[in-house]
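Chemist: Got a structure here, written out as structure tokens. Questions coming.
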Amino acid sequence: MNFEYTEDDKKFIEEFRRFCDKEIGPFAEEIDEKGEIPRSHFKKLADMGYTGMLVPEEFGGTNLGYLKTVYAQEILAEYCGATFFSVGASCGLMGLPLLEFGTKEQIQKYIPSLMSGEKIGCLGVTEPDAGSDVANIKSVVRRKNGKLLLNGQKTYITNAPIADFATILADYQEEDGKSYGLTAFLIETNRKGVSKGKPMKKMGLKGSPTGELFFEDVEVYDSDILGRKGRGFMIIMDAFNRERLSLGAYCVGTMAACLAETRKFSRSRKTFGRPIYKHQSVAFMLADMLIKYEASRVLLHETAWMMDEYSSKKKSVKHIHNGYPVDLTSRTAELKLMASTYAREVCNNAVQIHGGAGYMEEYKVARLYRDIKIGEIGGGTSEIQKQIVAHSEAKRIK
Amino acid sequence: MEFRLSDEVLQFKESVKEFAKNEIRPSAEERDLSGEWDWNLWKKMGAMGLLGLSVPEEFGGSGANCLMTSVAHEAFAEGSADGGLTLALGAHAIIGTMPIALLGTDYQKKKYLPKLATGEYTSGLGLTEPGSGSDAAGSMETRAVKKGDKYIINGSKMYITNGPIGDLFVVMAVTDKSKGAMGVSVFIVEKNFPGFKVGKKLQKMGMRTSQTSELIFEDMEVPEENRIEKENSGFARVGRATLEWERTVLVAASIGSMQLMIDEGVRYAKQRVQFGEPIIRFQAIQDKIARSKMKLDAARLLIYKSATKKDLGLSAPIESSIAKLYATEAANEVAYDMGQVHGGYCYIHEYPIERAYRDARLGTIGGGTSEIMRSIIAANT
């Protein structure tokens with residue numbers, strides 16, 4: 001057991017923080033106001049190596065693993081949640097499953113431009129009638145007169161309005177109606193029949209564009225299938241473990257930002273003749289913020305470490321970690337459940353301590369408060385995470 | 001960062017859990033009801049090496065570090081389902097013994113540690129008083145006055161775990177009232193010192209298998225060589241060094257207890273059928289299980305983190321306070337939720353959850369209340 005950063009980690013963290021401080025932080029407010037992320041953000045983060053941390057060396061990445069990746073994710077989230085989500089949707093949600101399940105041709109076609117930030121990707125799972133209940137997806141790819149045609153609609157898709165590429169989950173049906181089940185397709189969004197809705201207006205993460213994708217007789221090919229026919233659900237579930245891990249990092253980073261802002265404010269703001277942090281009710285709110293941050297952070301780091309340790313190993317083998325069976329699906333669910341619940345509470349305390357100022361957009365905590373709500377919804381609601389954890393516990397106890 | 005416990009620690013954890021399950025748990029319910037102390041069990045714990053685990057080897061202990069000791073207390077609590085006896089173990093092995101092991105003179109170490117390590121002597125800590133709890137130093141009334149090569153101590157100590165059964169207590173007393181917390185000294189007190197008295201046994205809500213009482217000192221004579229560290233350095237040195245161990249190892253017991261409560265809750269929820277299906281299929285029950293499990297995992301890591309920092313030779317005042325606060329509050333929440341899962345059975349003695357629910361309540365009070373922990377943490381945010 002060792003909870004300390006290595007010297008190498010410290011250097012890495014310091015360097016990445018310096019980068020974010022200069023290149024990301026100063027633009028966060030403007031991004032939120034305009035509802036748009038500069039394309040240069042994608043490129044800068046790529047040049048900095050952020051997008052390649054989980055990419056194998058043979059494809060131009062640095063393959064540094066999950067633990068080091070979450071160190072960087074925490075920092076990026078601290079500076080700009082919208083950038084975190086857009087880059088994550090492009091390189092993480094679309095890029096990483098592609099690297100894992102894609103053919104050589106598919107990887108060559110998409111990965112270099114995605115990971116360099118020249119092109120932007122997204123992942124299309126959610127539909128108007130299918131959110132938590134993924135199996136209810138209605139988008140369909142049907143063979144008709146020898147052609148494979150995609151029809152349907154996706155919604156709440158991060159990056160949809162600006163995406164060049166998309167991974168789309170749809171039911172695969174043969175001409176006779178025989179279904180292979182959910183299958184993932186890789187497409188360019190400039191294909192005939194693909195159209196984009198207007199960017200949706202959101203409560204938070206305004207800088208990260210979200211929208212709909214519509215498909216009308218879009219021709220797709222067997223060579224567009226990611227992995228195998230009917231294996232789409234499995235690929236997405238695999239991607240969910242990673243998504244929940246990075247959402248955990250996002251929440252932890254947001255809590256760090258809340259703490260930093262609130263520390264500062266509570267020392268400068270005076271009431272009844274003293275800085276407000278000296279009042280017990282404020283002091284205790286600050287303590288609760290730190291406790292929730294530390295609890296989530298330590299769980300985040302162990303979970304990332306477990307992903308490094310166990311996710312690439314044979315899935316059929318039952319791994320044991322410190323005496324307990326390893327269930328990464330449940331562990332990442334647990335992490336997201338905790339971090340998103342606590343982060344929402346921490347943001348609330350931050351605004352409360354700021355008082356009237358906290359309600360003003362001029363203060364960073366107002367944005368953090370709006371942004372953080374996504375933690376309990378995106379990547380599977382808290383209600384879904386609870387089901388996952390409870391099922392895993394039921395399995396563990398004989 | 002690296003999150004693997006060594007094989008040595010894991011094997012020890014398993015053996016302690018098994019031992020506690022086989023030797024301690026069968027009589028826990030009965031002892032909880034009667035409040036009786038069983039020396040036979042204490043001897044077995046000594047033979048198992050638990051009573052002197054963190055005492056250096058040269059003085060008859062196993063020289064275990066803070067992490068190993070924490071894991072052992074976690075395992076003991078889980079296996080035994082006996083919060084009280086785990087508390088008695090912590091009072092003896094950590095707060096009654098570690099001040100001597102960490103800061104005692106050679107004479108004190110040679111004289112006392114071998115007896116404490118085997119369990120020949122049982123110990124405890126005397127800090128709290130009837131009128132002094134959270135404000136331990138500021139409100140302390142017990143006085144030690146130097147007279148020749150002796151100190152004469154007058155006063156009393158309250159809520160002392162192992163009070164009725166202890167042979168030796170580490171006692172804090174004011175030696176210079178004008179200096180506040182910097183005027184407190186620490187003494188090793190034996191029960192046969194003239195003027196030492198034990199008050200009557202206190203009846204508690206939980207932790208009933210541990211023995212608690214007041215200690216009364218009437219012109220009690222303590223030889224000067226029994227003072228730990230310099231005069232007036234009690235709070236600054238002994239307090240701090242020991243409290244971090246306390247807020248890590250003693251709190252590790254709540255992790256074991258949470259694991260036990262969750263395991264029992266899940267097992268019960270799988271068996272209990274209502275509305276035609278096992279209640280674990282209801283989302284309301286799943287909610288309680290999931291939230292409990294997440295708190296357990298985070299609490300465990302916070303304690304291991306605090307222990308690991310201590311083992312690096314670093315001070316961990318904030319880490320140990322966070323661990324203490326989070327784990328003990330989580331244990332109460334888990335007790336409540338797993339109790340709710342058990343329904344009516346949570347209210348009946350026969351089920352371990354009933355005892356665990358009462359035992360958990362002490363966590364946020366003893367060893368520094370949650371409010372004191374928040375004050376310490378807030379001062380450092």
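Every chain in the structure tokens has a letter given in the order shown (A, B, ...), and although residue numbers restart at 1 in each chain, ligands are simply numbered from 1 in the order shown.
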Using only C-alpha atoms, which chain A residues lie at most 8 Å away from chain B, written as an NGL selection string?

Modeler: :A and (1-6 or 263 or 280 or 283-284 or 286-288 or 290-291 or 294-296 or 298-299 or 302 or 305 or 321-323 or 334-335 or 338 or 383 or 386-387 or 389-391 or 393-394 or 397-398)

Chemist: With C-alpha atoms retained, export the selected residues as a JSON list (two decimals), in the first residue's frame.

Modeler:
[["chain", "number", "residue", "atom", "x", "y", "z"],
["A", 1, "MET", "CA", 0.00, 0.00, 0.00],
["A", 2, "ASN", "CA", 1.26, 3.40, -0.94],
["A", 3, "PHE", "CA", -0.88, 6.50, -1.30],
["A", 4, "GLU", "CA", 1.88, 8.91, -2.28],
["A", 5, "TYR", "CA", 2.58, 10.37, -5.69],
["A", 6, "THR", "CA", 5.95, 9.35, -7.13],
["A", 263, "ARG", "CA", -11.11, 28.70, 0.83],
["A", 280, "GLN", "CA", -18.34, 27.37, 13.17],
["A", 283, "ALA", "CA", -15.94, 26.00, 9.18],
["A", 284, "PHE", "CA", -17.96, 22.79, 9.39],
["A", 286, "LEU", "CA", -15.63, 23.58, 4.71],
["A", 287, "ALA", "CA", -14.63, 20.47, 6.67],
["A", 288, "ASP", "CA", -17.44, 18.48, 5.08],
["A", 290, "LEU", "CA", -12.76, 18.44, 2.31],
["A", 291, "ILE", "CA", -13.91, 15.10, 3.73],
["A", 294, "GLU", "CA", -10.80, 13.13, 0.14],
["A", 295, "ALA", "CA", -13.17, 10.13, 0.35],
["A", 296, "SER", "CA", -14.02, 10.34, -3.36],
["A", 298, "VAL", "CA", -9.00, 7.96, -2.58],
["A", 299, "LEU", "CA", -11.74, 5.78, -4.08],
["A", 302, "GLU", "CA", -7.82, 2.91, -6.12],
["A", 305, "TRP", "CA", -5.30, 1.47, -10.13],
["A", 321, "HIS", "CA", -8.12, -7.70, -4.72],
["A", 322, "ASN", "CA", -7.15, -7.49, -1.05],
["A", 323, "GLY", "CA", -9.36, -10.44, -0.24],
["A", 334, "GLU", "CA", -19.78, 2.83, -6.91],
["A", 335, "LEU", "CA", -17.14, 5.46, -7.63],
["A", 338, "MET", "CA", -20.14, 8.53, -4.56],
["A", 383, "GLU", "CA", -30.26, 5.03, -9.70],
["A", 386, "LYS", "CA", -27.08, 1.65, -7.27],
["A", 387, "GLN", "CA", -28.66, -1.29, -9.08],
["A", 389, "VAL", "CA", -23.61, -2.21, -7.04],
["A", 390, "ALA", "CA", -26.45, -4.01, -5.27],
["A", 391, "HIS", "CA", -26.48, -6.79, -7.89],
["A", 393, "GLU", "CA", -23.10, -7.43, -3.67],
["A", 394, "ALA", "CA", -25.91, -9.97, -4.01],
["A", 397, "ILE", "CA", -22.73, -13.04, -0.71],
["A", 398, "LYS", "CA", -23.62, -16.69, -1.04]]

Chemist: Near B:Glu129, within 9 Å and counting only C-alpha atoms, which residues show up once chain neighbours fewer than 4 positions away are dropped, as a CSV table (one decimal) with N, CA and C atoms, in the first residue's frame?

Modeler:
chain,number,residue,atom,x,y,z
B,133,GLY,N,-14.3,16.9,28.5
B,133,GLY,CA,-14.4,16.0,27.4
B,133,GLY,C,-13.7,16.5,26.2
B,136,ALA,N,-10.4,18.8,26.6
B,136,ALA,CA,-9.7,18.0,27.5
B,136,ALA,C,-8.7,18.7,28.4
B,139,SER,N,-10.2,22.1,30.5
B,139,SER,CA,-11.1,21.9,31.7
B,139,SER,C,-10.5,20.9,32.6
B,140,MET,N,-9.3,20.4,32.4
B,140,MET,CA,-8.8,19.3,33.3
B,140,MET,C,-8.7,19.7,34.7
B,141,GLU,N,-9.2,18.9,35.6
B,141,GLU,CA,-9.2,19.2,37.0
B,141,GLU,C,-8.1,18.4,37.8
B,142,THR,N,-7.8,17.2,37.3
B,142,THR,CA,-6.9,16.3,37.9
B,142,THR,C,-5.5,17.0,38.0
B,155,GLY,N,-7.8,13.8,41.9
B,155,GLY,CA,-8.8,14.0,40.8
B,155,GLY,C,-9.5,12.7,40.4
B,156,SER,N,-10.2,12.8,39.2
B,156,SER,CA,-10.8,11.6,38.7
B,156,SER,C,-10.9,11.6,37.2
B,157,LYS,N,-11.0,10.4,36.7
B,157,LYS,CA,-11.1,10.2,35.2
B,157,LYS,C,-12.4,9.4,34.9
B,158,MET,N,-13.0,9.8,33.8
B,158,MET,CA,-14.4,9.3,33.5
B,158,MET,C,-14.4,8.5,32.2
B,159,TYR,N,-15.4,7.6,32.2
B,159,TYR,CA,-15.6,6.8,31.0
B,159,TYR,C,-14.4,6.0,30.6
B,214,GLU,N,-15.3,4.9,36.3
B,214,GLU,CA,-14.5,6.1,36.7
B,214,GLU,C,-13.2,5.6,37.4

Chemist: Neighbouring residues of A:Thr210 were defined as those with any atom within 10 Å, considering only C-alpha atoms; residues of the same chain fewer than 6 positions away were excluded. Please report them as a PyMOL selection string.

Modeler: chain A and resi 35+86+155-162+197-202

Chemist: Using N, CA and C atoms, can you write the selected residues to a file as a short mmCIF file (atom, residue, chain, number, x, y, z; two decimals), in the first residue's frame?

Modeler:
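Written file, part.cif:
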data_model
loop_
_atom_site.label_atom_id
_atom_site.label_comp_id
_atom_site.auth_asym_id
_atom_site.auth_seq_id
_atom_site.Cartn_x
_atom_site.Cartn_y
_atom_site.Cartn_z
N GLY A 35 -21.06 29.14 -25.38
CA GLY A 35 -21.57 27.82 -25.70
C GLY A 35 -20.75 27.14 -26.78
N SER A 86 -16.12 17.51 -23.77
CA SER A 86 -16.03 17.42 -25.23
C SER A 86 -14.83 16.60 -25.68
N THR A 155 -30.14 11.32 -29.22
CA THR A 155 -30.29 12.61 -28.57
C THR A 155 -29.39 12.74 -27.35
N TYR A 156 -29.24 13.98 -26.87
CA TYR A 156 -28.34 14.31 -25.76
C TYR A 156 -26.92 13.84 -26.04
N ILE A 157 -26.49 13.95 -27.28
CA ILE A 157 -25.16 13.44 -27.64
C ILE A 157 -24.13 14.57 -27.51
N THR A 158 -23.19 14.37 -26.60
CA THR A 158 -22.10 15.34 -26.43
C THR A 158 -21.31 15.43 -27.73
N ASN A 159 -21.08 16.63 -28.20
CA ASN A 159 -20.33 16.93 -29.44
C ASN A 159 -21.15 16.75 -30.72
N ALA A 160 -22.39 16.26 -30.65
CA ALA A 160 -23.13 16.01 -31.89
C ALA A 160 -23.11 17.22 -32.85
N PRO A 161 -23.33 18.43 -32.36
CA PRO A 161 -23.38 19.56 -33.31
C PRO A 161 -22.07 19.83 -34.02
N ILE A 162 -20.95 19.38 -33.45
CA ILE A 162 -19.65 19.70 -34.06
C ILE A 162 -18.89 18.46 -34.52
N GLY A 197 -29.21 18.17 -35.24
CA GLY A 197 -30.13 19.15 -34.68
C GLY A 197 -29.36 20.36 -34.19
N LYS A 198 -30.10 21.35 -33.72
CA LYS A 198 -29.44 22.54 -33.19
C LYS A 198 -28.83 22.20 -31.83
N PRO A 199 -27.75 22.89 -31.46
CA PRO A 199 -27.21 22.64 -30.12
C PRO A 199 -28.29 22.87 -29.07
N MET A 200 -28.38 21.97 -28.12
CA MET A 200 -29.42 22.09 -27.10
C MET A 200 -28.99 23.07 -26.02
N LYS A 201 -29.95 23.76 -25.44
CA LYS A 201 -29.63 24.69 -24.35
C LYS A 201 -29.64 23.92 -23.05
N LYS A 202 -28.54 23.99 -22.33
CA LYS A 202 -28.41 23.17 -21.12
C LYS A 202 -28.27 24.03 -19.87
#

Chemist: Between atom CA of B:Asn162 and atom CA of B:Gln203, what distance in Å does the model show, to one decimal?

Modeler: 13.2 Å

Chemist: Rank nothing, just name the residue among A:Ala170, A:Ala184, A:Leu123, A:Leu245 nearest to A:Glu212, using only C-alpha atoms.

Modeler: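 Among the listed residues, the smallest separation from A:Glu212 belongs to A:Leu123.
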
Chemist: Quote the spacing between atom CA of A:Thr83 and atom CA of A:Asp32 in Å to one decimal place.

Modeler: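 Separating atom CA of A:Thr83 from atom CA of A:Asp32 is a distance of 9.9 Å.
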
Chemist: May I ask for the distance between atom CA of A:Glu33 and atom CA of A:Gly207, given in Å to one decimal place?

Modeler: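 Atom CA of A:Gly207 lies at a distance of 7.2 Å from atom CA of A:Glu33.
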
Chemist: Stretch 236-242 of chain B: which residues within 9 Å, counting only C-alpha atoms, same-chain residues fewer than 5 positions away excluded, as a list in words?

Modeler: Ile94, Ile95, Met98, Pro99, Ile100, Leu102, Leu103, Ala181, Met182, Val184, Ser185, Val186, Ile228, Glu229, Arg247, Ser315 and Pro317 of chain B

Chemist: Name the closest residue to B:Tyr336 among the candidates B:Phe193, B:Tyr357, B:Phe59, B:Tyr351; distances are taken between atoms, counting only C-alpha atoms.

Modeler: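 Nearest to B:Tyr336: B:Tyr357.
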
Chemist: A:Arg142: which residues within 6 Å, counting only C-alpha atoms, same-chain residues fewer than 6 positions away excluded, as a compact mmCIF listing (two decimals) with N, CA and C atoms, in the first residue's frame?

Modeler:
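Everything below was put into selection04.txt:
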# COMPACT_ATOMS: atom_id res chain seq x y z
N LEU A 148 -27.25 -1.81 -46.78
CA LEU A 148 -27.49 -1.66 -45.34
C LEU A 148 -27.84 -0.21 -45.06
N LEU A 149 -29.06 0.02 -44.52
CA LEU A 149 -29.49 1.40 -44.29
C LEU A 149 -29.77 1.66 -42.82
N GLN A 173 -30.54 -5.67 -38.45
CA GLN A 173 -31.56 -6.62 -38.92
C GLN A 173 -31.31 -7.02 -40.37
N GLU A 174 -31.48 -8.30 -40.63
CA GLU A 174 -31.35 -8.81 -42.01
C GLU A 174 -32.65 -8.49 -42.77

Chemist: Could you pull out all residues of stretch 69-287 of chain A with a DSSP call of strand (DSSP E) and give them as a ChimeraX atom specification?

Modeler: /A:121-124,140-144,147-158,165-173,179-188,194-196,210-220,225-226,270-271,274-275

Chemist: Could you check the closest approach to A:Thr167 for each of A:Ile353, A:Leu150, A:Ala366, A:Val125 and tell me which residue wins, using only C-alpha atoms?

Modeler: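 Of A:Ile353, A:Leu150, A:Ala366, A:Val125, the one nearest A:Thr167 is A:Val125, counting only C-alpha atoms.
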
Chemist: So, counting only C-alpha atoms, which residue among B:Arg25, B:Lys43, B:Arg358, B:Lys177 is closest to B:Gly206?

Modeler: B:Arg358

Chemist: Skipping near chain neighbours, those fewer than 6 positions away, what residues fall within 9 Å of B:Ala93 using only C-alpha atoms, listed as a list in words?

Modeler: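 Surrounding residues, per the criterion: Leu50, Leu51, Gly52, Leu53, Ser54, Val55, Leu116, Ala117, Thr122, Ser123 and Gly124 of chain B.
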
Chemist: If you count only C-alpha atoms, which residues fall within 9 Å of B:Tyr107, apart from same-chain ones fewer than 5 positions away, as number ranges by chain?

Modeler: B: 112, 225-226

Chemist: Just list the residues in stretch 231-363 of chain B DSSP gives alpha helix (DSSP H) on the backbone, as a PyMOL selection string.

Modeler: chain B and resi 240-245+251-271+283-311+317-342+352-360
